[in-house]
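Quick look at my_file-v4.pdb (PDB, C-alpha atoms, pLDDT in the B column):
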```
ATOM      1  CA  MET A   1      72.045  90.445 119.431  1.00 75.00           C
ATOM      2  CA  TRP A   2      69.619  88.795 117.005  1.00 80.00           C
ATOM      3  CA  LEU A   3      70.501  91.301 114.296  1.00 80.00           C
ATOM      4  CA  PHE A   4      74.224  90.907 114.931  1.00 82.00           C
ATOM      5  CA  GLY A   5      73.779  87.142 114.612  1.00 87.00           C
ATOM      6  CA  LEU A   6      72.005  87.534 111.273  1.00 87.00           C
ATOM      7  CA  ILE A   7      74.773  89.774 109.984  1.00 87.00           C
ATOM      8  CA  SER A   8      77.488  87.369 111.152  1.00 88.00           C
ATOM      9  CA  LEU A   9      75.798  84.389 109.493  1.00 92.00           C
ATOM     10  CA  ALA A  10      75.321  86.292 106.251  1.00 92.00           C
ATOM     11  CA  GLU A  11      78.984  87.315 106.245  1.00 91.00           C
ATOM     12  CA  MET A  12      80.031  83.685 106.704  1.00 93.00           C
ATOM     13  CA  HIS A  13      77.821  82.682 103.790  1.00 94.00           C
ATOM     14  CA  THR A  14      79.384  85.286 101.505  1.00 94.00           C
ATOM     15  CA  LEU A  15      82.805  83.848 102.333  1.00 95.00           C
ATOM     16  CA  ARG A  16      81.565  80.332 101.588  1.00 94.00           C
ATOM     17  CA  LEU A  17      80.026  81.478  98.302  1.00 95.00           C
ATOM     18  CA  VAL A  18      83.306  83.033  97.169  1.00 96.00           C
ATOM     19  CA  ARG A  19      85.193  79.859  98.085  1.00 95.00           C
ATOM     20  CA  GLU A  20      82.695  77.654  96.217  1.00 93.00           C
ATOM     21  CA  SER A  21      82.528  79.922  93.191  1.00 93.00           C
ATOM     22  CA  PHE A  22      86.278  80.389  92.900  1.00 95.00           C
ATOM     23  CA  PRO A  23      88.081  77.291  94.244  1.00 94.00           C
ATOM     24  CA  GLN A  24      91.787  77.645  95.021  1.00 94.00           C
ATOM     25  CA  GLU A  25      91.307  81.433  95.069  1.00 95.00           C
ATOM     26  CA  GLU A  26      90.826  81.610  91.284  1.00 95.00           C
ATOM     27  CA  TRP A  27      89.388  85.081  91.770  1.00 96.00           C
ATOM     28  CA  ILE A  28      92.962  86.352  92.291  1.00 95.00           C
ATOM     29  CA  ALA A  29      94.228  85.281  88.858  1.00 94.00           C
ATOM     30  CA  GLU A  30      91.097  86.695  87.264  1.00 94.00           C
ATOM     31  CA  ASN A  31      91.826  90.168  88.703  1.00 93.00           C
ATOM     32  CA  LEU A  32      88.295  90.618  89.991  1.00 95.00           C
ATOM     33  CA  LEU A  33      89.200  93.324  92.530  1.00 96.00           C
ATOM     34  CA  ALA A  34      90.502  96.819  91.977  1.00 96.00           C
ATOM     35  CA  PRO A  35      94.230  97.093  92.747  1.00 96.00           C
ATOM     36  CA  ALA A  36      93.627  99.206  95.869  1.00 97.00           C
ATOM     37  CA  ARG A  37      91.141  96.679  97.295  1.00 96.00           C
ATOM     38  CA  MET A  38      93.549  93.834  96.523  1.00 97.00           C
ATOM     39  CA  ALA A  39      96.353  95.711  98.276  1.00 97.00           C
ATOM     40  CA  ASP A  40      94.161  96.137 101.364  1.00 97.00           C
ATOM     41  CA  ALA A  41      93.429  92.399 101.448  1.00 97.00           C
ATOM     42  CA  ARG A  42      97.118  91.558 101.008  1.00 97.00           C
ATOM     43  CA  ARG A  43      98.107  93.908 103.855  1.00 97.00           C
ATOM     44  CA  LEU A  44      95.593  92.252 106.173  1.00 97.00           C
ATOM     45  CA  PHE A  45      96.769  88.810 105.039  1.00 97.00           C
ATOM     46  CA  GLU A  46     100.408  89.667 105.815  1.00 97.00           C
ATOM     47  CA  LYS A  47      99.454  91.143 109.182  1.00 97.00           C
ATOM     48  CA  ARG A  48      97.572  87.985 110.144  1.00 96.00           C
ATOM     49  CA  ARG A  49     100.409  85.767 108.922  1.00 95.00           C
ATOM     50  CA  ARG A  50     102.956  87.691 110.990  1.00 96.00           C
ATOM     51  CA  LYS A  51     100.766  87.062 114.032  1.00 96.00           C
ATOM     52  CA  GLY A  52     100.809  83.344 113.260  1.00 95.00           C
ATOM     53  CA  HIS A  53      97.192  83.027 112.117  1.00 94.00           C
ATOM     54  CA  GLU A  54      96.421  80.345 109.574  1.00 91.00           C
ATOM     55  CA  THR A  55      94.517  82.154 106.878  1.00 93.00           C
ATOM     56  CA  ASP A  56      94.269  82.727 103.170  1.00 95.00           C
ATOM     57  CA  LEU A  57      93.664  85.817 101.084  1.00 96.00           C
ATOM     58  CA  THR A  58      89.971  85.042 100.641  1.00 97.00           C
ATOM     59  CA  ASP A  59      89.510  85.183 104.406  1.00 96.00           C
ATOM     60  CA  CYS A  60      91.008  88.696 104.394  1.00 97.00           C
ATOM     61  CA  LEU A  61      88.398  90.161 102.043  1.00 96.00           C
ATOM     62  CA  GLN A  62      85.957  92.760 103.261  1.00 93.00           C
ATOM     63  CA  LEU A  63      82.244  92.243 102.672  1.00 91.00           C
ATOM     64  CA  CYS A  64      82.216  94.716  99.782  1.00 91.00           C
ATOM     65  CA  ASP A  65      85.081  92.781  98.144  1.00 95.00           C
ATOM     66  CA  ARG A  66      83.188  89.515  98.424  1.00 94.00           C
ATOM     67  CA  ALA A  67      80.122  91.112  96.826  1.00 92.00           C
ATOM     68  CA  THR A  68      82.300  92.477  94.002  1.00 93.00           C
ATOM     69  CA  ILE A  69      83.809  89.050  93.376  1.00 95.00           C
ATOM     70  CA  LEU A  70      80.444  87.295  93.501  1.00 93.00           C
ATOM     71  CA  LYS A  71      79.020  89.785  91.021  1.00 90.00           C
ATOM     72  CA  LYS A  72      81.534  88.435  88.486  1.00 89.00           C
ATOM     73  CA  ARG A  73      80.192  84.899  88.908  1.00 90.00           C
ATOM     74  CA  ARG A  74      77.455  84.766  86.327  1.00 87.00           C
ATOM     75  CA  GLY A  75      74.084  83.803  87.732  1.00 90.00           C
ATOM     76  CA  ILE A  76      74.984  83.675  91.425  1.00 92.00           C
ATOM     77  CA  PHE A  77      72.727  86.562  92.398  1.00 91.00           C
ATOM     78  CA  ALA A  78      69.802  85.075  90.480  1.00 91.00           C
ATOM     79  CA  GLU A  79      70.419  81.780  92.315  1.00 91.00           C
ATOM     80  CA  LEU A  80      70.142  83.727  95.557  1.00 92.00           C
ATOM     81  CA  GLY A  81      66.818  85.295  94.616  1.00 90.00           C
ATOM     82  CA  PHE A  82      67.874  88.746  93.409  1.00 92.00           C
ATOM     83  CA  ASP A  83      66.042  90.096  90.363  1.00 92.00           C
ATOM     84  CA  SER A  84      69.145  91.872  89.079  1.00 91.00           C
ATOM     85  CA  ASN A  85      72.768  92.647  89.866  1.00 89.00           C
ATOM     86  CA  ALA A  86      71.686  96.207  90.694  1.00 91.00           C
ATOM     87  CA  LYS A  87      69.272  94.945  93.372  1.00 92.00           C
ATOM     88  CA  ALA A  88      71.984  92.665  94.758  1.00 92.00           C
ATOM     89  CA  ALA A  89      74.445  95.572  94.834  1.00 91.00           C
ATOM     90  CA  SER A  90      71.904  97.730  96.664  1.00 91.00           C
ATOM     91  CA  PHE A  91      71.247  94.944  99.188  1.00 92.00           C
ATOM     92  CA  PHE A  92      74.952  94.402  99.861  1.00 90.00           C
ATOM     93  CA  SER A  93      75.550  98.136 100.234  1.00 90.00           C
ATOM     94  CA  LYS A  94      72.780  98.449 102.839  1.00 88.00           C
ATOM     95  CA  PHE A  95      73.899  95.222 104.462  1.00 86.00           C
ATOM     96  CA  GLU A  96      77.465  96.502 104.766  1.00 87.00           C
ATOM     97  CA  ASP A  97      76.303  99.848 106.192  1.00 84.00           C
ATOM     98  CA  LEU A  98      74.283  98.020 108.851  1.00 81.00           C
ATOM     99  CA  ARG A  99      77.183  95.686 109.602  1.00 83.00           C
ATOM    100  CA  ASN A 100      79.545  98.633 110.069  1.00 79.00           C
ATOM    101  CA  THR A 101      77.039 100.504 112.220  1.00 77.00           C
ATOM    102  CA  LEU A 102      76.625  97.477 114.482  1.00 75.00           C
ATOM    103  CA  ALA A 103      80.349  96.756 114.610  1.00 68.00           C
ATOM    104  CA  HIS A 104      81.071 100.307 115.742  1.00 64.00           C
ATOM    105  CA  SER A 105      78.247 100.388 118.304  1.00 68.00           C
ATOM    106  CA  GLN A 106      76.439 103.255 116.601  1.00 60.00           C
ATOM    107  CA  ASP A 107      72.742 104.023 116.886  1.00 60.00           C
ATOM    108  CA  ILE A 108      70.807 101.813 114.490  1.00 65.00           C
ATOM    109  CA  VAL A 109      67.319 102.802 115.585  1.00 60.00           C
ATOM    110  CA  THR A 110      66.844 106.560 115.211  1.00 58.00           C
ATOM    111  CA  ASN A 111      64.811 107.291 112.067  1.00 58.00           C
ATOM    112  CA  ARG A 112      65.613 103.857 110.612  1.00 67.00           C
ATOM    113  CA  TRP A 113      62.910 101.429 111.756  1.00 67.00           C
ATOM    114  CA  PRO A 114      61.131 100.798 108.431  1.00 68.00           C
ATOM    115  CA  GLY A 115      64.366 100.432 106.460  1.00 72.00           C
ATOM    116  CA  LEU A 116      65.936  98.361 109.206  1.00 77.00           C
ATOM    117  CA  ALA A 117      62.975  95.980 109.281  1.00 81.00           C
ATOM    118  CA  ASP A 118      63.077  95.619 105.475  1.00 85.00           C
ATOM    119  CA  LEU A 119      66.817  94.965 105.567  1.00 84.00           C
ATOM    120  CA  ALA A 120      66.476  92.353 108.336  1.00 86.00           C
ATOM    121  CA  ILE A 121      63.849  90.583 106.205  1.00 88.00           C
ATOM    122  CA  GLY A 122      66.200  90.782 103.228  1.00 88.00           C
ATOM    123  CA  VAL A 123      69.080  89.318 105.236  1.00 90.00           C
ATOM    124  CA  GLU A 124      66.862  86.454 106.416  1.00 92.00           C
ATOM    125  CA  ARG A 125      65.787  85.827 102.816  1.00 91.00           C
ATOM    126  CA  PHE A 126      69.459  85.847 101.741  1.00 91.00           C
ATOM    127  CA  LEU A 127      70.337  83.358 104.495  1.00 92.00           C
ATOM    128  CA  ARG A 128      67.528  80.997 103.477  1.00 91.00           C
ATOM    129  CA  ALA A 129      68.649  81.157  99.846  1.00 91.00           C
ATOM    130  CA  CYS A 130      72.259  80.446 100.847  1.00 90.00           C
ATOM    131  CA  GLU A 131      71.269  77.506 103.011  1.00 86.00           C
ATOM    132  CA  TRP A 132      69.065  75.922 100.337  1.00 84.00           C
ATOM    133  CA  ARG A 133      71.359  76.663  97.414  1.00 76.00           C
ATOM    134  CA  ARG A 134      73.251  73.740  95.963  1.00 67.00           C
ATOM    135  CA  PRO A 135      76.810  74.498  94.859  1.00 63.00           C
ATOM    136  CA  GLN A 136      77.024  74.688  91.096  1.00 57.00           C
ATOM    137  CA  SER A 137      79.795  75.102  88.627  1.00 45.00           C
ATOM    138  CA  ARG A 138      80.714  78.722  88.241  1.00 48.00           C
ATOM    139  CA  ARG A 139      80.163  79.143  84.539  1.00 44.00           C
TER     140      ARG A 139
END
```
Here is the file; what I need is its structure written in the form of structure tokens.
Amino acid sequence: MWLFGLISLAEMHTLRLVRESFPQEEWIAENLLAPARMADARRLFEKRRRKGHETDLTDCLQLCDRATILKKRRGIFAELGFDSNAKAASFFSKFEDLRNTLAHSQDIVTNRWPGLADLAIGVERFLRACEWRRPQSRR
């Protein structure tokens, strides 16, 4: 449960970071996602709208989409304590794998303890950086 809580908080922070970095969904006009990823987000958006949910397209992004968009915001990963975009991309890839494993109730323990512990520490570090970060202009 603790790990699921960490993952959930980190996901909420990525959504907040996208919203702060690209107000009024500016990321859409800037074409920051591949067409297939954008189509997936639009399909989810339309599905939620048909069900009567109040939402926007940003809320329909997957974690990998948020990371892709944030990567385009110069300096955001450095603000969050990553040494490079490559290290941030690696973190988000591992983070997403763990999130998916937890969401689908798969085994997260077998042969994964050292990496899992490192990732949990990384997620906590990411959360601290997000909580202490002051919103800044995007460019």
Checklist outcome for this item: With distances taken over only C-alpha atoms, the candidate from A:Asp65, A:Thr101, A:Glu54, A:Phe22 nearest A:Ala36 is A:Asp65
Next on the checklist: So the first atom is atom CA of A:Phe92 and the second is atom CA of A:Trp27; what is the distance between them in Å, to one decimal place?
Outcome noted: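 Taking atom CA of A:Phe92 as the start and atom CA of A:Trp27 as the end point, the length is 19.0 Å.
Distance-wise, atom CA of A:Leu102 and atom CA of A:Ala88 end up 20.8 Å apart.
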Checklist entry - For A:Glu96, which of A:Ala10, A:Leu127, A:Leu70, A:Ala41 is the closest residue, counting all atoms listed in the file? => result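 Among A:Ala10, A:Leu127, A:Leu70, A:Ala41, it is A:Ala10 that comes nearest to A:Glu96.
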For stretch 75-78 of chain A, I'd like the enclosing box, axis-aligned and padded by 5 Å on every side, reported as AutoDock Vina command-line options with centre and edge lengths in Å to one decimal.
```
--center_x 72.4 --center_y 85.1 --center_z 90.1 --size_x 15.2 --size_y 12.9 --size_z 14.7
```
Next on the checklist: Using all atoms listed in the file for the distances, tell me which of A:Leu63, A:Glu131, A:Phe91, A:Ser8 is nearest to A:Arg37.
Outcome noted: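 Among the listed residues, the smallest separation from A:Arg37 belongs to A:Leu63.
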Item to check | Residues in the PyMOL selection byres ((chain A and resi 42) around 12), expressed as a list of chain:residue names | outcome: A:Ile28, A:Leu33, A:Pro35, A:Ala36, A:Arg37, A:Met38, A:Ala39, A:Asp40, A:Ala41, A:Arg43, A:Leu44, A:Phe45, A:Glu46, A:Lys47, A:Arg48, A:Arg49, A:Thr55, A:Asp56, A:Leu57, A:Thr58, A:Asp59, A:Cys60, A:Leu61, A:Gln62
Next on the checklist: Quick check, in Å to one decimal: how far apart do atom CA of A:Leu80 and atom CA of A:Ala129 lie?
Outcome noted: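 A separation of 5.2 Å between them.
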Checklist entry - If the PyMOL selection byres ((chain A and resi 9) around 12) is run on the structure shown, which residues does it catch, given as a ChimeraX atom specification? => result /A:2-8,10-16,99,123-124,126-128,130-131
Checklist entry - Which residues fall under the PyMOL selection byres ((chain A and resi 85) around 12) in this file, as a list in words? => result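 That selection, the PyMOL selection byres ((chain A and resi 85) around 12), comes back as Ala67, Thr68, Leu70, Lys71, Lys72, Arg73, Arg74, Gly75, Ile76, Phe77, Ala78, Glu79, Leu80, Gly81, Phe82, Asp83, Ser84, Ala86, Lys87, Ala88, Ala89, Ser90, Phe91 and Phe92 of chain A.
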Checklist outcome for this item: Nearest to A:Val18, restricted to only C-alpha atoms and choosing among A:Ile69, A:Met1, A:Ala34, A:Cys64, comes out as A:Ile69
